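Novice: Got a file for you: data-v1.json, JSON, C-alpha atoms (C1' of nucleotides).
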[["chain", "number", "residue", "atom", "x", "y", "z"],
["A", 47, "MET", "CA", 105.36, 124.18, 163.12],
["A", 48, "ASP", "CA", 102.11, 125.37, 164.60],
["A", 49, "ILE", "CA", 102.37, 129.13, 164.51],
["A", 50, "SER", "CA", 98.72, 129.56, 165.47],
["A", 51, "THR", "CA", 99.49, 128.66, 169.10],
["A", 52, "ARG", "CA", 100.53, 132.26, 169.70],
["A", 53, "GLU", "CA", 103.97, 131.49, 171.00],
["A", 54, "THR", "CA", 106.39, 134.34, 171.00],
["A", 55, "THR", "CA", 108.20, 133.88, 167.74],
["A", 56, "LEU", "CA", 111.21, 135.86, 166.61],
["A", 57, "THR", "CA", 112.28, 137.29, 163.30],
["A", 58, "VAL", "CA", 115.66, 136.38, 161.82],
["A", 59, "GLY", "CA", 117.14, 139.56, 163.18],
["A", 60, "GLU", "CA", 115.86, 138.93, 166.68],
["A", 61, "ALA", "CA", 116.87, 135.29, 166.63],
["A", 62, "ALA", "CA", 120.31, 136.24, 165.32],
["A", 63, "GLU", "CA", 120.80, 138.66, 168.17],
["A", 64, "ARG", "CA", 119.63, 136.11, 170.72],
["A", 65, "VAL", "CA", 122.04, 133.40, 169.66],
["A", 66, "GLY", "CA", 124.93, 135.63, 168.64],
["A", 67, "LEU", "CA", 124.96, 134.83, 164.94],
["A", 68, "THR", "CA", 124.25, 137.07, 161.98],
["A", 69, "THR", "CA", 121.10, 136.87, 159.89],
["A", 70, "TYR", "CA", 123.28, 135.72, 157.02],
["A", 71, "THR", "CA", 124.52, 132.82, 159.04],
["A", 72, "LEU", "CA", 121.05, 131.86, 160.25],
["A", 73, "ARG", "CA", 119.76, 131.60, 156.70],
["A", 74, "TRP", "CA", 122.89, 129.79, 155.64],
["A", 75, "TYR", "CA", 122.55, 127.25, 158.48],
["A", 76, "GLU", "CA", 119.02, 126.54, 157.32],
["A", 77, "GLN", "CA", 120.15, 126.19, 153.73],
["A", 78, "GLU", "CA", 122.90, 123.83, 154.83],
["A", 79, "GLY", "CA", 120.44, 121.66, 156.70],
["A", 80, "LEU", "CA", 121.75, 122.49, 160.19],
["A", 81, "VAL", "CA", 118.29, 123.78, 161.02],
["A", 82, "ALA", "CA", 115.01, 122.31, 159.84],
["A", 83, "PRO", "CA", 113.04, 124.70, 157.62],
["A", 84, "VAL", "CA", 111.83, 127.45, 159.91],
["A", 85, "GLY", "CA", 108.16, 128.43, 160.05],
["A", 86, "ARG", "CA", 107.05, 131.47, 158.05],
["A", 87, "ASP", "CA", 104.47, 134.17, 158.63],
["A", 88, "SER", "CA", 101.87, 135.23, 156.07],
["A", 89, "ALA", "CA", 104.45, 137.38, 154.30],
["A", 90, "GLY", "CA", 106.90, 134.51, 153.95],
["A", 91, "ARG", "CA", 109.20, 135.79, 156.70],
["A", 92, "ARG", "CA", 110.90, 133.36, 159.03],
["A", 93, "ARG", "CA", 109.49, 133.07, 162.55],
["A", 94, "TYR", "CA", 111.76, 131.38, 165.06],
["A", 95, "THR", "CA", 110.12, 129.58, 167.96],
["A", 96, "GLU", "CA", 111.79, 129.08, 171.34],
["A", 97, "ARG", "CA", 112.57, 125.53, 170.26],
["A", 98, "ASP", "CA", 114.30, 126.87, 167.16],
["A", 99, "VAL", "CA", 116.32, 129.26, 169.28],
["A", 100, "ASP", "CA", 117.27, 126.50, 171.72],
["A", 101, "TRP", "CA", 118.41, 124.39, 168.81],
["A", 102, "LEU", "CA", 120.43, 127.27, 167.39],
["A", 103, "PHE", "CA", 121.99, 127.84, 170.78],
["A", 104, "LEU", "CA", 123.06, 124.22, 170.92],
["A", 105, "LEU", "CA", 124.56, 124.59, 167.47],
["A", 106, "THR", "CA", 126.60, 127.59, 168.60],
["A", 107, "ARG", "CA", 128.03, 125.50, 171.43],
["A", 108, "LEU", "CA", 128.89, 122.64, 169.11],
["A", 109, "ARG", "CA", 130.44, 125.09, 166.69],
["A", 110, "ARG", "CA", 132.40, 126.82, 169.41],
["A", 111, "THR", "CA", 133.84, 123.53, 170.56],
["A", 112, "GLY", "CA", 135.20, 123.07, 167.08],
["A", 113, "MET", "CA", 132.66, 120.70, 165.58],
["A", 114, "PRO", "CA", 132.78, 121.06, 161.79],
["A", 115, "VAL", "CA", 129.59, 122.15, 160.07],
["A", 116, "ARG", "CA", 129.64, 118.81, 158.27],
["A", 117, "ASP", "CA", 129.24, 116.95, 161.56],
["A", 118, "MET", "CA", 126.62, 119.38, 162.80],
["A", 119, "ARG", "CA", 124.63, 118.60, 159.67],
["A", 120, "ARG", "CA", 124.97, 114.91, 160.32],
["A", 121, "TYR", "CA", 123.71, 115.47, 163.85],
["A", 122, "ALA", "CA", 120.78, 117.56, 162.60],
["A", 123, "GLU", "CA", 119.84, 114.79, 160.19],
["A", 124, "LEU", "CA", 119.83, 112.27, 163.02],
["A", 125, "ALA", "CA", 117.73, 114.55, 165.17],
["A", 126, "ARG", "CA", 115.17, 114.89, 162.40],
["A", 127, "GLN", "CA", 114.83, 111.12, 162.24],
["A", 128, "GLY", "CA", 113.36, 110.97, 165.72],
["A", 129, "ASP", "CA", 113.86, 108.67, 168.69],
["A", 130, "ALA", "CA", 115.32, 105.82, 166.68],
["A", 131, "THR", "CA", 118.59, 107.77, 166.50],
["A", 132, "LEU", "CA", 118.92, 108.63, 170.19],
["A", 133, "ALA", "CA", 121.77, 106.21, 170.70],
["A", 134, "ALA", "CA", 123.56, 107.44, 167.61],
["A", 135, "ARG", "CA", 123.22, 111.02, 168.77],
["A", 136, "ARG", "CA", 124.54, 110.16, 172.18],
["A", 137, "ALA", "CA", 127.48, 108.38, 170.57],
["A", 138, "LEU", "CA", 128.13, 111.44, 168.45],
["A", 139, "PHE", "CA", 128.14, 113.66, 171.50],
["A", 140, "GLU", "CA", 130.36, 111.30, 173.46],
["A", 141, "ALA", "CA", 132.87, 111.17, 170.64],
["A", 142, "HIS", "CA", 132.79, 114.93, 170.43],
["A", 143, "ARG", "CA", 133.16, 115.32, 174.16],
["A", 144, "SER", "CA", 136.26, 113.21, 174.07],
["A", 145, "ARG", "CA", 137.69, 115.47, 171.36],
["A", 146, "VAL", "CA", 136.85, 118.50, 173.46],
["A", 147, "LEU", "CA", 138.59, 116.97, 176.46],
["A", 148, "SER", "CA", 141.68, 116.32, 174.36],
["A", 149, "ARG", "CA", 141.55, 119.88, 173.15],
["A", 150, "MET", "CA", 141.37, 121.14, 176.70],
["A", 151, "ALA", "CA", 144.34, 119.01, 177.67],
["A", 152, "GLU", "CA", 146.26, 120.46, 174.74],
["A", 153, "LEU", "CA", 145.40, 123.95, 175.84],
["A", 154, "GLU", "CA", 146.65, 123.18, 179.34],
["A", 155, "GLU", "CA", 149.95, 122.09, 177.84],
["A", 156, "ASP", "CA", 150.13, 125.12, 175.60],
["A", 157, "LEU", "CA", 149.37, 127.33, 178.55],
["A", 158, "LYS", "CA", 152.44, 125.96, 180.29],
["A", 159, "VAL", "CA", 154.55, 127.01, 177.33],
["A", 160, "LEU", "CA", 153.05, 130.49, 177.46],
["A", 161, "ASN", "CA", 153.73, 130.76, 181.18],
["A", 162, "TYR", "CA", 157.27, 129.57, 180.69],
["A", 163, "LYS", "CA", 157.89, 132.16, 178.02],
["A", 164, "ILE", "CA", 156.34, 134.93, 180.08],
["A", 165, "ASP", "CA", 158.55, 134.01, 183.03],
["A", 166, "ASN", "CA", 161.57, 134.04, 180.77],
["A", 167, "TYR", "CA", 160.70, 137.46, 179.42],
["A", 168, "ARG", "CA", 160.19, 138.74, 182.94],
["A", 169, "ARG", "CA", 163.62, 137.50, 183.95],
["A", 170, "ALA", "CA", 165.25, 138.87, 180.82],
["A", 171, "GLU", "CA", 163.63, 142.23, 181.40],
["A", 172, "GLY", "CA", 164.96, 142.22, 184.95],
["A", 173, "CYS", "CA", 168.53, 141.87, 183.64],
["A", 174, "ARG", "CA", 168.52, 145.06, 181.59],
["B", 234, "MET", "CA", 173.56, 131.59, 161.01],
["B", 235, "ASP", "CA", 176.91, 129.91, 161.42],
["B", 236, "ILE", "CA", 176.48, 126.59, 159.69],
["B", 237, "SER", "CA", 180.20, 125.85, 159.88],
["B", 238, "THR", "CA", 179.92, 124.99, 163.58],
["B", 239, "ARG", "CA", 178.88, 121.47, 162.69],
["B", 240, "GLU", "CA", 175.66, 121.50, 164.59],
["B", 241, "THR", "CA", 173.17, 118.88, 163.63],
["B", 242, "THR", "CA", 171.04, 120.64, 161.11],
["B", 243, "LEU", "CA", 167.87, 119.28, 159.56],
["B", 244, "THR", "CA", 166.40, 119.40, 156.09],
["B", 245, "VAL", "CA", 162.91, 120.77, 155.53],
["B", 246, "GLY", "CA", 161.51, 117.28, 155.51],
["B", 247, "GLU", "CA", 163.18, 116.37, 158.78],
["B", 248, "ALA", "CA", 162.25, 119.65, 160.43],
["B", 249, "ALA", "CA", 158.68, 119.27, 159.21],
["B", 250, "GLU", "CA", 158.41, 115.85, 160.77],
["B", 251, "ARG", "CA", 159.93, 117.08, 164.02],
["B", 252, "VAL", "CA", 157.48, 119.91, 164.52],
["B", 253, "GLY", "CA", 154.45, 118.27, 162.94],
["B", 254, "LEU", "CA", 154.06, 120.60, 159.99],
["B", 255, "THR", "CA", 154.41, 119.88, 156.29],
["B", 256, "THR", "CA", 157.32, 121.03, 154.17],
["B", 257, "TYR", "CA", 154.85, 123.25, 152.32],
["B", 258, "THR", "CA", 153.92, 124.96, 155.52],
["B", 259, "LEU", "CA", 157.51, 125.39, 156.65],
["B", 260, "ARG", "CA", 158.42, 127.21, 153.44],
["B", 261, "TRP", "CA", 155.25, 129.21, 153.61],
["B", 262, "TYR", "CA", 155.96, 130.27, 157.20],
["B", 263, "GLU", "CA", 159.35, 131.49, 156.09],
["B", 264, "GLN", "CA", 157.87, 133.35, 153.16],
["B", 265, "GLU", "CA", 155.30, 134.93, 155.46],
["B", 266, "GLY", "CA", 157.99, 136.14, 157.83],
["B", 267, "LEU", "CA", 157.05, 133.86, 160.72],
["B", 268, "VAL", "CA", 160.53, 132.42, 160.51],
["B", 269, "ALA", "CA", 163.71, 134.34, 159.76],
["B", 270, "PRO", "CA", 165.36, 133.18, 156.53],
["B", 271, "VAL", "CA", 166.76, 129.75, 157.26],
["B", 272, "GLY", "CA", 170.41, 128.90, 156.58],
["B", 273, "ARG", "CA", 171.22, 127.04, 153.36],
["B", 274, "ASP", "CA", 173.78, 124.42, 152.44],
["B", 275, "SER", "CA", 176.06, 124.65, 149.42],
["B", 276, "ALA", "CA", 173.27, 123.37, 147.19],
["B", 277, "GLY", "CA", 170.85, 126.04, 148.34],
["B", 278, "ARG", "CA", 168.81, 123.68, 150.50],
["B", 279, "ARG", "CA", 167.42, 124.82, 153.83],
["B", 280, "ARG", "CA", 169.22, 123.60, 156.93],
["B", 281, "TYR", "CA", 167.28, 123.96, 160.16],
["B", 282, "THR", "CA", 169.25, 124.36, 163.37],
["B", 283, "GLU", "CA", 167.98, 123.32, 166.78],
["B", 284, "ARG", "CA", 167.17, 126.95, 167.43],
["B", 285, "ASP", "CA", 165.09, 127.06, 164.27],
["B", 286, "VAL", "CA", 163.25, 123.93, 165.35],
["B", 287, "ASP", "CA", 162.62, 125.37, 168.81],
["B", 288, "TRP", "CA", 161.23, 128.49, 167.26],
["B", 289, "LEU", "CA", 159.00, 126.46, 164.96],
["B", 290, "PHE", "CA", 157.81, 124.44, 167.92],
["B", 291, "LEU", "CA", 156.84, 127.61, 169.72],
["B", 292, "LEU", "CA", 154.98, 128.74, 166.63],
["B", 293, "THR", "CA", 153.00, 125.49, 166.57],
["B", 294, "ARG", "CA", 151.93, 126.12, 170.15],
["B", 295, "LEU", "CA", 150.89, 129.67, 169.39],
["B", 296, "ARG", "CA", 149.03, 128.46, 166.34],
["B", 297, "ARG", "CA", 147.33, 125.68, 168.25],
["B", 298, "THR", "CA", 146.11, 128.10, 170.85],
["B", 299, "GLY", "CA", 144.39, 130.00, 168.09],
["B", 300, "MET", "CA", 146.81, 132.84, 167.48],
["B", 301, "PRO", "CA", 146.28, 134.14, 163.94],
["B", 302, "VAL", "CA", 149.25, 133.98, 161.59],
["B", 303, "ARG", "CA", 149.07, 137.76, 161.43],
["B", 304, "ASP", "CA", 149.86, 138.03, 165.14],
["B", 305, "MET", "CA", 152.54, 135.39, 164.92],
["B", 306, "ARG", "CA", 154.21, 137.48, 162.25],
["B", 307, "ARG", "CA", 154.01, 140.54, 164.46],
["B", 308, "TYR", "CA", 155.65, 138.53, 167.23],
["B", 309, "ALA", "CA", 158.36, 137.26, 164.91],
["B", 310, "GLU", "CA", 159.11, 140.83, 163.85],
["B", 311, "LEU", "CA", 159.48, 141.88, 167.47],
["B", 312, "ALA", "CA", 161.75, 138.94, 168.18],
["B", 313, "ARG", "CA", 164.00, 139.92, 165.27],
["B", 314, "GLN", "CA", 164.42, 143.40, 166.72],
["B", 315, "GLY", "CA", 166.23, 142.05, 169.75],
["B", 316, "ASP", "CA", 166.12, 142.83, 173.44],
["B", 317, "ALA", "CA", 164.53, 146.23, 173.03],
["B", 318, "THR", "CA", 161.22, 144.49, 172.39],
["B", 319, "LEU", "CA", 161.27, 142.11, 175.36],
["B", 320, "ALA", "CA", 158.54, 143.98, 177.17],
["B", 321, "ALA", "CA", 156.41, 144.17, 174.07],
["B", 322, "ARG", "CA", 156.78, 140.46, 173.52],
["B", 323, "ARG", "CA", 155.85, 139.72, 177.08],
["B", 324, "ALA", "CA", 152.78, 141.92, 176.74],
["B", 325, "LEU", "CA", 151.85, 140.08, 173.58],
["B", 326, "PHE", "CA", 152.12, 136.75, 175.36],
["B", 327, "GLU", "CA", 150.19, 137.97, 178.36],
["B", 328, "ALA", "CA", 147.39, 139.24, 176.17],
["B", 329, "HIS", "CA", 147.36, 135.95, 174.36],
["B", 330, "ARG", "CA", 147.39, 133.97, 177.57],
["B", 331, "SER", "CA", 144.35, 135.83, 178.73],
["B", 332, "ARG", "CA", 142.58, 134.92, 175.51],
["B", 333, "VAL", "CA", 143.57, 131.30, 175.98],
["B", 334, "LEU", "CA", 142.22, 131.34, 179.51],
["B", 335, "SER", "CA", 138.93, 132.75, 178.27],
["B", 336, "ARG", "CA", 138.83, 130.07, 175.63],
["B", 337, "MET", "CA", 139.39, 127.42, 178.26],
["B", 338, "ALA", "CA", 136.59, 128.84, 180.38],
["B", 339, "GLU", "CA", 134.32, 128.75, 177.35],
["B", 340, "LEU", "CA", 135.20, 125.15, 176.72],
["B", 341, "GLU", "CA", 134.37, 124.30, 180.33],
["B", 342, "GLU", "CA", 130.95, 125.83, 179.82],
["B", 343, "ASP", "CA", 130.44, 124.08, 176.53],
["B", 344, "LEU", "CA", 131.47, 120.82, 178.14],
["B", 345, "LYS", "CA", 128.64, 121.23, 180.61],
["B", 346, "VAL", "CA", 126.20, 121.51, 177.75],
["B", 347, "LEU", "CA", 127.62, 118.36, 176.19],
["B", 348, "ASN", "CA", 127.34, 116.49, 179.48],
["B", 349, "TYR", "CA", 123.81, 117.70, 179.95],
["B", 350, "LYS", "CA", 122.83, 116.50, 176.50],
["B", 351, "ILE", "CA", 124.52, 113.15, 176.98],
["B", 352, "ASP", "CA", 122.66, 112.64, 180.27],
["B", 353, "ASN", "CA", 119.41, 113.51, 178.55],
["B", 354, "TYR", "CA", 120.06, 111.05, 175.78],
["B", 355, "ARG", "CA", 120.90, 108.38, 178.32],
["B", 356, "ARG", "CA", 117.64, 108.98, 180.12],
["B", 357, "ALA", "CA", 115.64, 109.06, 176.91],
["B", 358, "GLU", "CA", 117.25, 105.83, 175.79],
["B", 359, "GLY", "CA", 116.32, 104.24, 179.12],
["B", 360, "CYS", "CA", 112.63, 105.05, 178.53],
["B", 361, "ARG", "CA", 112.35, 103.07, 175.31],
["C", 109, "DG", "C1'", 177.00, 107.57, 134.80],
["C", 110, "DG", "C1'", 172.29, 107.05, 134.96],
["C", 111, "DT", "C1'", 168.50, 106.76, 138.27],
["C", 112, "DT", "C1'", 166.38, 108.08, 142.34],
["C", 113, "DG", "C1'", 164.55, 111.06, 145.55],
["C", 114, "DA", "C1'", 164.44, 115.12, 148.16],
["C", 115, "DC", "C1'", 165.07, 119.52, 147.57],
["C", 116, "DT", "C1'", 164.19, 124.43, 144.99],
["C", 117, "DT", "C1'", 160.74, 128.40, 143.29],
["C", 118, "DC", "C1'", 156.43, 129.90, 141.44],
["C", 119, "DG", "C1'", 151.92, 130.51, 141.38],
["C", 120, "DC", "C1'", 147.42, 128.59, 141.33],
["C", 121, "DG", "C1'", 143.93, 125.68, 143.86],
["C", 122, "DT", "C1'", 141.33, 124.10, 147.98],
["C", 123, "DG", "C1'", 138.28, 123.78, 152.09],
["C", 124, "DC", "C1'", 135.91, 125.91, 155.47],
["C", 125, "DA", "C1'", 132.66, 129.08, 157.28],
["C", 126, "DC", "C1'", 130.74, 132.52, 156.52],
["C", 127, "DT", "C1'", 129.63, 137.42, 154.26],
["C", 128, "DC", "C1'", 127.73, 140.34, 151.20],
["C", 129, "DG", "C1'", 125.63, 142.79, 147.15],
["C", 130, "DA", "C1'", 121.74, 143.02, 144.14],
["C", 131, "DA", "C1'", 117.19, 143.12, 143.22],
["C", 132, "DC", "C1'", 112.99, 142.57, 145.12],
["C", 133, "DT", "C1'", 108.76, 142.50, 148.54],
["C", 134, "DG", "C1'", 105.65, 143.43, 152.20],
["C", 135, "DG", "C1'", 104.06, 145.55, 156.49],
["C", 136, "DA", "C1'", 103.97, 149.55, 159.49],
["C", 137, "DA", "C1'", 104.47, 154.63, 160.60],
["C", 138, "DG", "C1'", 103.75, 159.41, 159.49],
["D", 139, "DC", "C1'", 100.30, 157.39, 149.68],
["D", 140, "DT", "C1'", 104.91, 157.59, 150.33],
["D", 141, "DT", "C1'", 108.70, 156.36, 152.96],
["D", 142, "DC", "C1'", 111.28, 153.21, 155.34],
["D", 143, "DC", "C1'", 112.88, 149.20, 157.30],
["D", 144, "DA", "C1'", 113.47, 144.51, 157.72],
["D", 145, "DG", "C1'", 112.78, 140.80, 155.52],
["D", 146, "DT", "C1'", 113.28, 137.55, 150.94],
["D", 147, "DT", "C1'", 116.36, 134.64, 147.25],
["D", 148, "DC", "C1'", 120.40, 133.95, 144.56],
["D", 149, "DG", "C1'", 124.87, 133.66, 143.55],
["D", 150, "DA", "C1'", 129.25, 135.55, 143.99],
["D", 151, "DG", "C1'", 133.09, 137.14, 147.07],
["D", 152, "DT", "C1'", 136.10, 137.03, 151.29],
["D", 153, "DG", "C1'", 139.70, 135.62, 154.67],
["D", 154, "DC", "C1'", 142.40, 132.34, 156.48],
["D", 155, "DA", "C1'", 145.75, 128.76, 156.38],
["D", 156, "DC", "C1'", 147.55, 126.07, 153.96],
["D", 157, "DG", "C1'", 148.19, 122.30, 149.82],
["D", 158, "DC", "C1'", 149.86, 121.07, 145.60],
["D", 159, "DG", "C1'", 151.47, 120.46, 140.68],
["D", 160, "DA", "C1'", 155.01, 121.79, 137.49],
["D", 161, "DA", "C1'", 159.51, 122.32, 136.10],
["D", 162, "DG", "C1'", 163.94, 122.32, 137.36],
["D", 163, "DT", "C1'", 168.40, 121.20, 140.37],
["D", 164, "DC", "C1'", 171.53, 118.56, 142.95],
["D", 165, "DA", "C1'", 173.74, 114.96, 145.96],
["D", 166, "DA", "C1'", 173.97, 110.21, 146.73],
["D", 167, "DC", "C1'", 173.81, 105.53, 145.56],
["D", 168, "DC", "C1'", 174.09, 101.38, 142.57]]
Rewrite the coordinates I just gave you, this time as structure tokens.
Specialist:
Amino acid sequence: MDISTRETTLTVGEAAERVGLTTYTLRWYEQEGLVAPVGRDSAGRRRYTERDVDWLFLLTRLRRTGMPVRDMRRYAELARQGDATLAARRALFEAHRSRVLSRMAELEEDLKVLNYKIDNYRRAEGCR
Amino acid sequence: MDISTRETTLTVGEAAERVGLTTYTLRWYEQEGLVAPVGRDSAGRRRYTERDVDWLFLLTRLRRTGMPVRDMRRYAELARQGDATLAARRALFEAHRSRVLSRMAELEEDLKVLNYKIDNYRRAEGCR
DNA sequence: GGTTGACTTCGCGTGCACTCGAACTGGAAG
DNA sequence: CTTCCAGTTCGAGTGCACGCGAAGTCAACC
């Protein structure tokens, strides 16, 4: 990472706030290989670039859609290998998207159950 | 529970298969108070009635929509207290439904990110 | 009537994703 | 120069939701 190009870089704390994770988690993600080693300043402190933050943001979306950390690591490894893995990464995303769609369909079904129960409770309350 | 009324009752194994949980989990749910103590046969083995299975099914839906076991227990306690808690139970479901709806909205957003990435990969693959 | 297999309780173990405490360091403000 | 804060590494701890092995029991079948 070329820190000398005077980009705005963020500290762990700032980056954590930006992406909605804790500093603990940010360091842990790096340790787990979900994030390539982040650049450091002269004092050895992490400096997150905009690219780093974008990457972290993407990770939060993958995480939120239920992708296990294991798979996120696999994806990060592919990304680090460059353009040769573009197809593999796309395949990974497509497979994940299909899981997300299934999940959404499940939720729709579950929502029906909730609505049904709520209606029942409403009716039962009416009869008191 | 009136077992003498010759309903079809199920063993743990059968009930587990029906609702898609393991026998371990079924016993654990009972121990955790998510399920009222299940009727037993003369040999001390659990016999699940249709009502029990329905209740378990509902629990699986709550669980699948992300309700913590803690909240499911709270709900089970309310249900055991009878009609006086109907309104409370409805409120609980309505609060949960609103969380589920938020979750679904999140997933929609996350899906957009996935689609965006997939499109990008497609384009990048095209340029090779 | 012995074997089989599913049940019982009990309590410990597991996997996941963080979360935190301890001990330390370095830069900036008063 | 001291104080203070935010950072550092390391390893241990937490919370949740189960999962499982052990040791024993019992009904059913051959």
Novice: Just the residues within 12 Å of DG119 (chain C), please, counting only C-alpha atoms (C1' of nucleotides), with nothing from its chain fewer than 4 positions along; format it as an MDAnalysis selection string.
Specialist: chainID D and resid 158:160
Novice: Just C-alpha atoms (C1' of nucleotides) for this one: save the residues we selected as a CSV table (one decimal), keeping the file's coordinate frame.
Specialist:
chain,number,residue,atom,x,y,z
D,158,DC,C1',149.9,121.1,145.6
D,159,DG,C1',151.5,120.5,140.7
D,160,DA,C1',155.0,121.8,137.5
Novice: Report as JSON lines: every residue of chain C with an atom at most 12 Å from chain A, its closest pair of atoms, and their distance in Å to one decimal, counting all atoms listed in the file, with rows sorted by chain and ascending residue number.
Specialist:
{"residue": "C:DG123", "atom": "C1'", "partner": "A:Pro114", "partner_atom": "CA", "distance": 11.5}
{"residue": "C:DC124", "atom": "C1'", "partner": "A:Pro114", "partner_atom": "CA", "distance": 8.6}
{"residue": "C:DA125", "atom": "C1'", "partner": "A:Val115", "partner_atom": "CA", "distance": 8.1}
{"residue": "C:DC126", "atom": "C1'", "partner": "A:Thr71", "partner_atom": "CA", "distance": 6.7}
{"residue": "C:DT127", "atom": "C1'", "partner": "A:Tyr70", "partner_atom": "CA", "distance": 7.1}
{"residue": "C:DC128", "atom": "C1'", "partner": "A:Tyr70", "partner_atom": "CA", "distance": 8.7}
{"residue": "C:DT133", "atom": "C1'", "partner": "A:Ala89", "partner_atom": "CA", "distance": 8.8}
{"residue": "C:DG134", "atom": "C1'", "partner": "A:Ala89", "partner_atom": "CA", "distance": 6.5}
{"residue": "C:DG135", "atom": "C1'", "partner": "A:Ala89", "partner_atom": "CA", "distance": 8.5}
Novice: When you draw a straight line from CA of Ile164 (chain A) to CA of Asp287 (chain B), how long is it in Å?
Specialist: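 Going from CA of Ile164 (chain A) over to CA of Asp287 (chain B) covers 16.1 Å.
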Novice: Please determine, counting all atoms listed in the file, which residue among B:Ala249, B:Ala309, B:Leu254, B:Val333 has the shortest atom-to-atom distance to chain D.
Specialist: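 So, comparing all the options, the nearest one is B:Leu254.
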Novice: Any idea which chain D residues end up within 9 Å of chain A if we count only C-alpha atoms (C1' of nucleotides), as a PyMOL selection string please?
Specialist: chain D and resi 144-146
Novice: Return as an mmCIF file with C-alpha atoms, in the frame of the given file the residues belonging to chain B that are within 8 Å of chain A, counting only C-alpha atoms.
Specialist:
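Wrote it out as part26.cif, contents follow:
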data_model
loop_
_atom_site.group_PDB
_atom_site.id
_atom_site.type_symbol
_atom_site.label_atom_id
_atom_site.label_comp_id
_atom_site.auth_asym_id
_atom_site.auth_seq_id
_atom_site.Cartn_x
_atom_site.Cartn_y
_atom_site.Cartn_z
ATOM 1 C CA LEU B 291 156.840 127.610 169.720
ATOM 2 C CA ARG B 294 151.930 126.120 170.150
ATOM 3 C CA LEU B 295 150.890 129.670 169.390
ATOM 4 C CA ARG B 297 147.330 125.680 168.250
ATOM 5 C CA THR B 298 146.110 128.100 170.850
ATOM 6 C CA LEU B 319 161.270 142.110 175.360
ATOM 7 C CA ALA B 320 158.540 143.980 177.170
ATOM 8 C CA ARG B 322 156.780 140.460 173.520
ATOM 9 C CA ARG B 323 155.850 139.720 177.080
ATOM 10 C CA PHE B 326 152.120 136.750 175.360
ATOM 11 C CA GLU B 327 150.190 137.970 178.360
ATOM 12 C CA ARG B 330 147.390 133.970 177.570
ATOM 13 C CA VAL B 333 143.570 131.300 175.980
ATOM 14 C CA MET B 337 139.390 127.420 178.260
ATOM 15 C CA LEU B 340 135.200 125.150 176.720
ATOM 16 C CA ASP B 343 130.440 124.080 176.530
ATOM 17 C CA LEU B 344 131.470 120.820 178.140
ATOM 18 C CA VAL B 346 126.200 121.510 177.750
ATOM 19 C CA LEU B 347 127.620 118.360 176.190
ATOM 20 C CA ASN B 348 127.340 116.490 179.480
ATOM 21 C CA LYS B 350 122.830 116.500 176.500
ATOM 22 C CA ILE B 351 124.520 113.150 176.980
ATOM 23 C CA TYR B 354 120.060 111.050 175.780
ATOM 24 C CA ARG B 355 120.900 108.380 178.320
ATOM 25 C CA ALA B 357 115.640 109.060 176.910
ATOM 26 C CA GLU B 358 117.250 105.830 175.790
#
